[in-house]
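A short worksheet on the structure shown next.
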Amino acid sequence: MRDQSFYNKTRIIFIFLGGVLLLFLIAPLVGMFLSVKAPLLFEAIKDQQVTSSITRTLLISFIATMFCSLFALPLAYILARKKFPLKGVVEAIIDIPIVIPHSAAGIAVLGFISRDSVVGSVASSLGFNLVGSTAAIGIAMAFVSIPFLITSARDGFAAVPQRLERAAETLGASPFKVFTKISLPLAKRSVVSGMVLMFARGMSEFGAIVIVAYHPMTTPVLIFDRFNSFGLDYARPIAAIFIVVTVVIFLIMRIYQKR
């Protein structure tokens, strides 16, 4: 009887603590939506700069995610299956973009693509300036978000039974075919989850993007620009619209992932 009473009290305490945390997460968002003025909201919806920035943000983040997957998935598979010297160092390098300040990440990316760098000078010789371009936005998004894809995919590949891969190899399947027909399909859920996280993290990035490309504006940069120029009342409707769009897309992706 005492054990049951203790269990009930513990459950109530845990529910209370969890409820407080959920309230902390929801209250600012609810407060923001309730504070949005209807005329300004409709004005923001009809604003061409707002709609184009949202489209640009989603499209660049999606392209960056798809492109980086070509490099991230093989690396994740190697990290899940192989043991090699300095593997811990490689995994630490992958996690660096998560722990460094986003402004510092922007400075690092800017130095990487500036005209004085190897990459920037090659681009300049081809008549293309990376700084202040959509390519710079994609690079900044990828830099801060790709660790989420690699980590999730690595865990998914690690959960795939190696006996299935060995069985396929004994039947004459090449390593590439084993990867594409066995490992990748079985780790699909984790891979898709990682891609969703990378996409979501990329489209929400501000600190790194504002340094490498203030223009063309992504939506987070536009929200900051409107806040600085016109104040909270004009920045809040754009933030509300962007949150709704991102949440809807995120829920659709989560539903697809579960199915």
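Each chain of the structure tokens is named A, B, ... in the order shown, its residues numbered from 1; ligands are numbered from 1 in display order.
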Practice problem: Quick one: everything within 9 Å of segment 99-101 of chain A, counting only C-alpha atoms, minus sequence neighbours fewer than 5 positions away in the same chain. Send it as a list in words. | Solution: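 Final neighbour list, sorted by chain and number: Gly106, Gly207 and Ala208 of chain A.
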List as a tab-separated table every residue of segment 168-195 of chain A that is in contact with segment 148-161 of chain A, defined as an atom at most 12 Å from one of its atoms (using only C-alpha atoms), together with the nearest atom pair and the distance in Å rounded to one decimal, sorted by chain and then rising number.
residue	atom	partner	partner_atom	distance
A:Ala168	CA	A:Pro161	CA	11.8
A:Val178	CA	A:Val160	CA	11.7
A:Phe179	CA	A:Phe157	CA	9.7
A:Thr180	CA	A:Phe157	CA	11.7
A:Ile182	CA	A:Val160	CA	8.6
A:Ser183	CA	A:Phe157	CA	6.4
A:Leu184	CA	A:Phe157	CA	7.4
A:Pro185	CA	A:Val160	CA	9.6
A:Leu186	CA	A:Val160	CA	6.4
A:Ala187	CA	A:Gly156	CA	4.7
A:Lys188	CA	A:Gly156	CA	7.5
A:Arg189	CA	A:Gly156	CA	7.5
A:Ser190	CA	A:Gly156	CA	5.0
A:Val191	CA	A:Ala153	CA	4.6
A:Val192	CA	A:Ala153	CA	8.2
A:Ser193	CA	A:Ser152	CA	6.9
A:Gly194	CA	A:Leu149	CA	4.0
A:Met195	CA	A:Leu149	CA	5.4
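You can rank A:Leu29, A:Ala80, A:Ala64, A:Ile209 by their closest distance to Gln162 of chain A using only C-alpha atoms, and at the top of that list sits A:Ala80.
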Quiz item: Using only C-alpha atoms, which of the listed residues (A:Val221, A:Ile60, A:Leu70, A:Val50) sits closest to Phe199 of chain A?
Solution: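 Using only C-alpha atoms, Phe199 of chain A sits closest to A:Ile60.
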Exercise. Tell me, as JSON, numbers by chain, which residues lie within 12 Å of His102 of chain A, counting only C-alpha atoms; anything in the same chain fewer than 2 positions away does not count.
Key: {"A": [96, 97, 98, 99, 100, 104, 105, 106, 107, 108, 109, 140, 141, 143, 144, 145, 201, 202, 204, 205, 206, 207, 208, 209, 210, 211, 212]}
Same residues, N, CA and C atoms, output as a PDB file, in the first residue's frame:
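Contents of result_29.pdb, as written:
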ATOM      1  N   ILE A  96      31.195  20.071 -33.505  1.00  0.00           N
ATOM      2  CA  ILE A  96      31.655  21.442 -33.252  1.00  0.00           C
ATOM      3  C   ILE A  96      30.617  22.495 -33.614  1.00  0.00           C
ATOM      4  N   PRO A  97      29.970  22.417 -34.804  1.00  0.00           N
ATOM      5  CA  PRO A  97      28.987  23.465 -35.138  1.00  0.00           C
ATOM      6  C   PRO A  97      27.841  23.587 -34.147  1.00  0.00           C
ATOM      7  N   ILE A  98      27.568  22.540 -33.385  1.00  0.00           N
ATOM      8  CA  ILE A  98      26.465  22.594 -32.417  1.00  0.00           C
ATOM      9  C   ILE A  98      26.845  23.416 -31.195  1.00  0.00           C
ATOM     10  N   VAL A  99      28.114  23.340 -30.792  1.00  0.00           N
ATOM     11  CA  VAL A  99      28.519  23.938 -29.514  1.00  0.00           C
ATOM     12  C   VAL A  99      29.066  25.354 -29.657  1.00  0.00           C
ATOM     13  N   ILE A 100      29.495  25.761 -30.849  1.00  0.00           N
ATOM     14  CA  ILE A 100      30.056  27.099 -30.990  1.00  0.00           C
ATOM     15  C   ILE A 100      28.933  28.118 -31.182  1.00  0.00           C
ATOM     16  N   ALA A 104      29.909  33.083 -34.246  1.00  0.00           N
ATOM     17  CA  ALA A 104      31.242  32.565 -34.547  1.00  0.00           C
ATOM     18  C   ALA A 104      31.205  31.638 -35.750  1.00  0.00           C
ATOM     19  N   ALA A 105      30.133  30.855 -35.874  1.00  0.00           N
ATOM     20  CA  ALA A 105      29.973  30.000 -37.052  1.00  0.00           C
ATOM     21  C   ALA A 105      29.875  30.846 -38.314  1.00  0.00           C
ATOM     22  N   GLY A 106      29.172  31.962 -38.233  1.00  0.00           N
ATOM     23  CA  GLY A 106      29.069  32.859 -39.386  1.00  0.00           C
ATOM     24  C   GLY A 106      30.403  33.451 -39.768  1.00  0.00           C
ATOM     25  N   ILE A 107      31.195  33.837 -38.780  1.00  0.00           N
ATOM     26  CA  ILE A 107      32.537  34.375 -39.061  1.00  0.00           C
ATOM     27  C   ILE A 107      33.399  33.314 -39.726  1.00  0.00           C
ATOM     28  N   ALA A 108      33.307  32.075 -39.233  1.00  0.00           N
ATOM     29  CA  ALA A 108      34.091  30.981 -39.806  1.00  0.00           C
ATOM     30  C   ALA A 108      33.693  30.731 -41.267  1.00  0.00           C
ATOM     31  N   VAL A 109      32.375  30.691 -41.521  1.00  0.00           N
ATOM     32  CA  VAL A 109      31.905  30.471 -42.897  1.00  0.00           C
ATOM     33  C   VAL A 109      32.303  31.635 -43.790  1.00  0.00           C
ATOM     34  N   ALA A 140      25.895  28.359 -44.942  1.00  0.00           N
ATOM     35  CA  ALA A 140      25.729  28.654 -43.513  1.00  0.00           C
ATOM     36  C   ALA A 140      24.703  27.722 -42.880  1.00  0.00           C
ATOM     37  N   MET A 141      23.590  27.488 -43.580  1.00  0.00           N
ATOM     38  CA  MET A 141      22.577  26.570 -43.066  1.00  0.00           C
ATOM     39  C   MET A 141      23.154  25.172 -42.884  1.00  0.00           C
ATOM     40  N   PHE A 143      26.284  24.257 -42.531  1.00  0.00           N
ATOM     41  CA  PHE A 143      27.341  24.192 -41.529  1.00  0.00           C
ATOM     42  C   PHE A 143      26.785  23.990 -40.128  1.00  0.00           C
ATOM     43  N   VAL A 144      25.712  24.698 -39.792  1.00  0.00           N
ATOM     44  CA  VAL A 144      25.188  24.625 -38.428  1.00  0.00           C
ATOM     45  C   VAL A 144      24.234  23.455 -38.218  1.00  0.00           C
ATOM     46  N   SER A 145      23.730  22.857 -39.303  1.00  0.00           N
ATOM     47  CA  SER A 145      22.675  21.853 -39.149  1.00  0.00           C
ATOM     48  C   SER A 145      23.076  20.433 -39.521  1.00  0.00           C
ATOM     49  N   ARG A 201      16.472  22.863 -38.610  1.00  0.00           N
ATOM     50  CA  ARG A 201      17.538  23.688 -38.019  1.00  0.00           C
ATOM     51  C   ARG A 201      18.067  24.696 -39.031  1.00  0.00           C
ATOM     52  N   GLY A 202      18.179  24.292 -40.277  1.00  0.00           N
ATOM     53  CA  GLY A 202      18.686  25.196 -41.297  1.00  0.00           C
ATOM     54  C   GLY A 202      17.761  26.362 -41.552  1.00  0.00           C
ATOM     55  N   SER A 204      15.702  27.755 -39.625  1.00  0.00           N
ATOM     56  CA  SER A 204      15.564  28.638 -38.465  1.00  0.00           C
ATOM     57  C   SER A 204      16.844  29.410 -38.150  1.00  0.00           C
ATOM     58  N   GLU A 205      17.910  29.168 -38.897  1.00  0.00           N
ATOM     59  CA  GLU A 205      19.199  29.795 -38.597  1.00  0.00           C
ATOM     60  C   GLU A 205      19.162  31.297 -38.847  1.00  0.00           C
ATOM     61  N   PHE A 206      19.793  32.037 -37.949  1.00  0.00           N
ATOM     62  CA  PHE A 206      19.890  33.492 -38.089  1.00  0.00           C
ATOM     63  C   PHE A 206      21.327  33.985 -37.941  1.00  0.00           C
ATOM     64  N   GLY A 207      21.982  33.616 -36.831  1.00  0.00           N
ATOM     65  CA  GLY A 207      23.277  34.188 -36.494  1.00  0.00           C
ATOM     66  C   GLY A 207      24.335  34.045 -37.560  1.00  0.00           C
ATOM     67  N   ALA A 208      24.443  32.854 -38.146  1.00  0.00           N
ATOM     68  CA  ALA A 208      25.465  32.635 -39.169  1.00  0.00           C
ATOM     69  C   ALA A 208      25.068  33.288 -40.485  1.00  0.00           C
ATOM     70  N   ILE A 209      23.778  33.245 -40.816  1.00  0.00           N
ATOM     71  CA  ILE A 209      23.326  33.777 -42.106  1.00  0.00           C
ATOM     72  C   ILE A 209      23.453  35.293 -42.158  1.00  0.00           C
ATOM     73  N   VAL A 210      23.122  35.976 -41.072  1.00  0.00           N
ATOM     74  CA  VAL A 210      23.134  37.432 -41.094  1.00  0.00           C
ATOM     75  C   VAL A 210      24.540  37.976 -41.322  1.00  0.00           C
ATOM     76  N   ILE A 211      25.552  37.170 -41.039  1.00  0.00           N
ATOM     77  CA  ILE A 211      26.937  37.601 -41.252  1.00  0.00           C
ATOM     78  C   ILE A 211      27.386  37.362 -42.691  1.00  0.00           C
ATOM     79  N   VAL A 212      27.014  36.228 -43.266  1.00  0.00           N
ATOM     80  CA  VAL A 212      27.496  35.899 -44.613  1.00  0.00           C
ATOM     81  C   VAL A 212      26.606  36.458 -45.711  1.00  0.00           C
TER      82      VAL A 212
END
Quiz item: Interatomic distance between atom CA of Arg163 of chain A and atom CA of Arg81 of chain A?
Solution: 12.3 Å
Practice problem: Work out how far atom CA of Lys258 of chain A is from atom CA of Phe14 of chain A, in Å to one decimal. | Solution: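 The value is 27.2 Å.
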Self-check item: Nearest-residue call for Ser114 of chain A, choices A:Phe242, A:Phe71, A:Phe128, A:Phe33, using only C-alpha atoms
Solution: A:Phe128
Self-check item: Shell around Val36 of chain A at 10 Å using only C-alpha atoms, local window under 3 positions removed, as a PyMOL selection string
Solution: chain A and resi 31-33+39-41+232-240
Those residues with C-alpha atoms, as a PDB file, in the first residue's frame please?
ATOM      1  CA  GLY A  31       1.301  35.167 -25.951  1.00  0.00           C
ATOM      2  CA  MET A  32       2.852  36.161 -29.251  1.00  0.00           C
ATOM      3  CA  PHE A  33      -0.118  34.937 -31.309  1.00  0.00           C
ATOM      4  CA  PRO A  39      -4.507  44.463 -39.643  1.00  0.00           C
ATOM      5  CA  LEU A  40      -0.743  44.020 -39.419  1.00  0.00           C
ATOM      6  CA  LEU A  41      -1.098  40.256 -39.792  1.00  0.00           C
ATOM      7  CA  LEU A 232       7.908  44.657 -32.231  1.00  0.00           C
ATOM      8  CA  ASP A 233       4.430  45.184 -33.677  1.00  0.00           C
ATOM      9  CA  TYR A 234       5.718  44.829 -37.243  1.00  0.00           C
ATOM     10  CA  ALA A 235       8.090  41.930 -36.533  1.00  0.00           C
ATOM     11  CA  ARG A 236       5.567  39.845 -34.574  1.00  0.00           C
ATOM     12  CA  PRO A 237       3.160  39.076 -37.485  1.00  0.00           C
ATOM     13  CA  ILE A 238       6.015  37.791 -39.667  1.00  0.00           C
ATOM     14  CA  ALA A 239       7.254  35.612 -36.812  1.00  0.00           C
ATOM     15  CA  ALA A 240       3.745  34.216 -36.306  1.00  0.00           C
TER      16      ALA A 240
END
Quiz item: What is the distance, in Å and to one decimal place, between atom CA of Ile255 of chain A and atom CA of Leu73 of chain A?
Solution: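 Atom-to-atom, atom CA of Ile255 of chain A and atom CA of Leu73 of chain A are spaced 22.2 Å apart.
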Exercise. Step one, run DSSP on the backbone; step two, keep only residues of segment 106-250 of chain A assigned to helix (DSSP H, G or I); then write them as a ChimeraX atom specification.
Key: /A:106-113,118-125,134-158,162-170,175-186,188-203,207-212,219-230,232-250
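Non-sequential neighbours of Thr57 of chain A (distance at most 8 Å, separation of 4 or more positions within a chain, only C-alpha atoms) are Ser53, Ser61, Met203, Thr218 and Thr219 of chain A.
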Let me see the file: selected residues, N, CA and C atoms, as a compact mmCIF listing (two decimals), in the first residue's frame.
# COMPACT_ATOMS: atom_id res chain seq x y z
N SER A 53 10.55 35.71 -48.85
CA SER A 53 11.58 35.31 -47.88
C SER A 53 11.28 33.92 -47.32
N SER A 61 16.98 25.74 -47.57
CA SER A 61 17.22 24.73 -46.54
C SER A 61 16.98 23.33 -47.09
N MET A 203 16.47 26.10 -41.67
CA MET A 203 15.55 27.19 -42.01
C MET A 203 15.35 28.15 -40.84
N THR A 218 16.58 35.90 -45.63
CA THR A 218 15.76 34.76 -45.19
C THR A 218 14.74 35.30 -44.18
N THR A 219 13.78 34.50 -43.82
CA THR A 219 12.73 34.98 -42.92
C THR A 219 13.26 35.36 -41.53
Practice problem: Would you list the contacts of Leu126 of chain A as a VMD selection string, taking every protein, DNA or RNA residue within 12 Å and counting only C-alpha atoms, but skipping same-chain residues closer than 6 positions in sequence? | Solution: chain A and resid 115 119 to 120
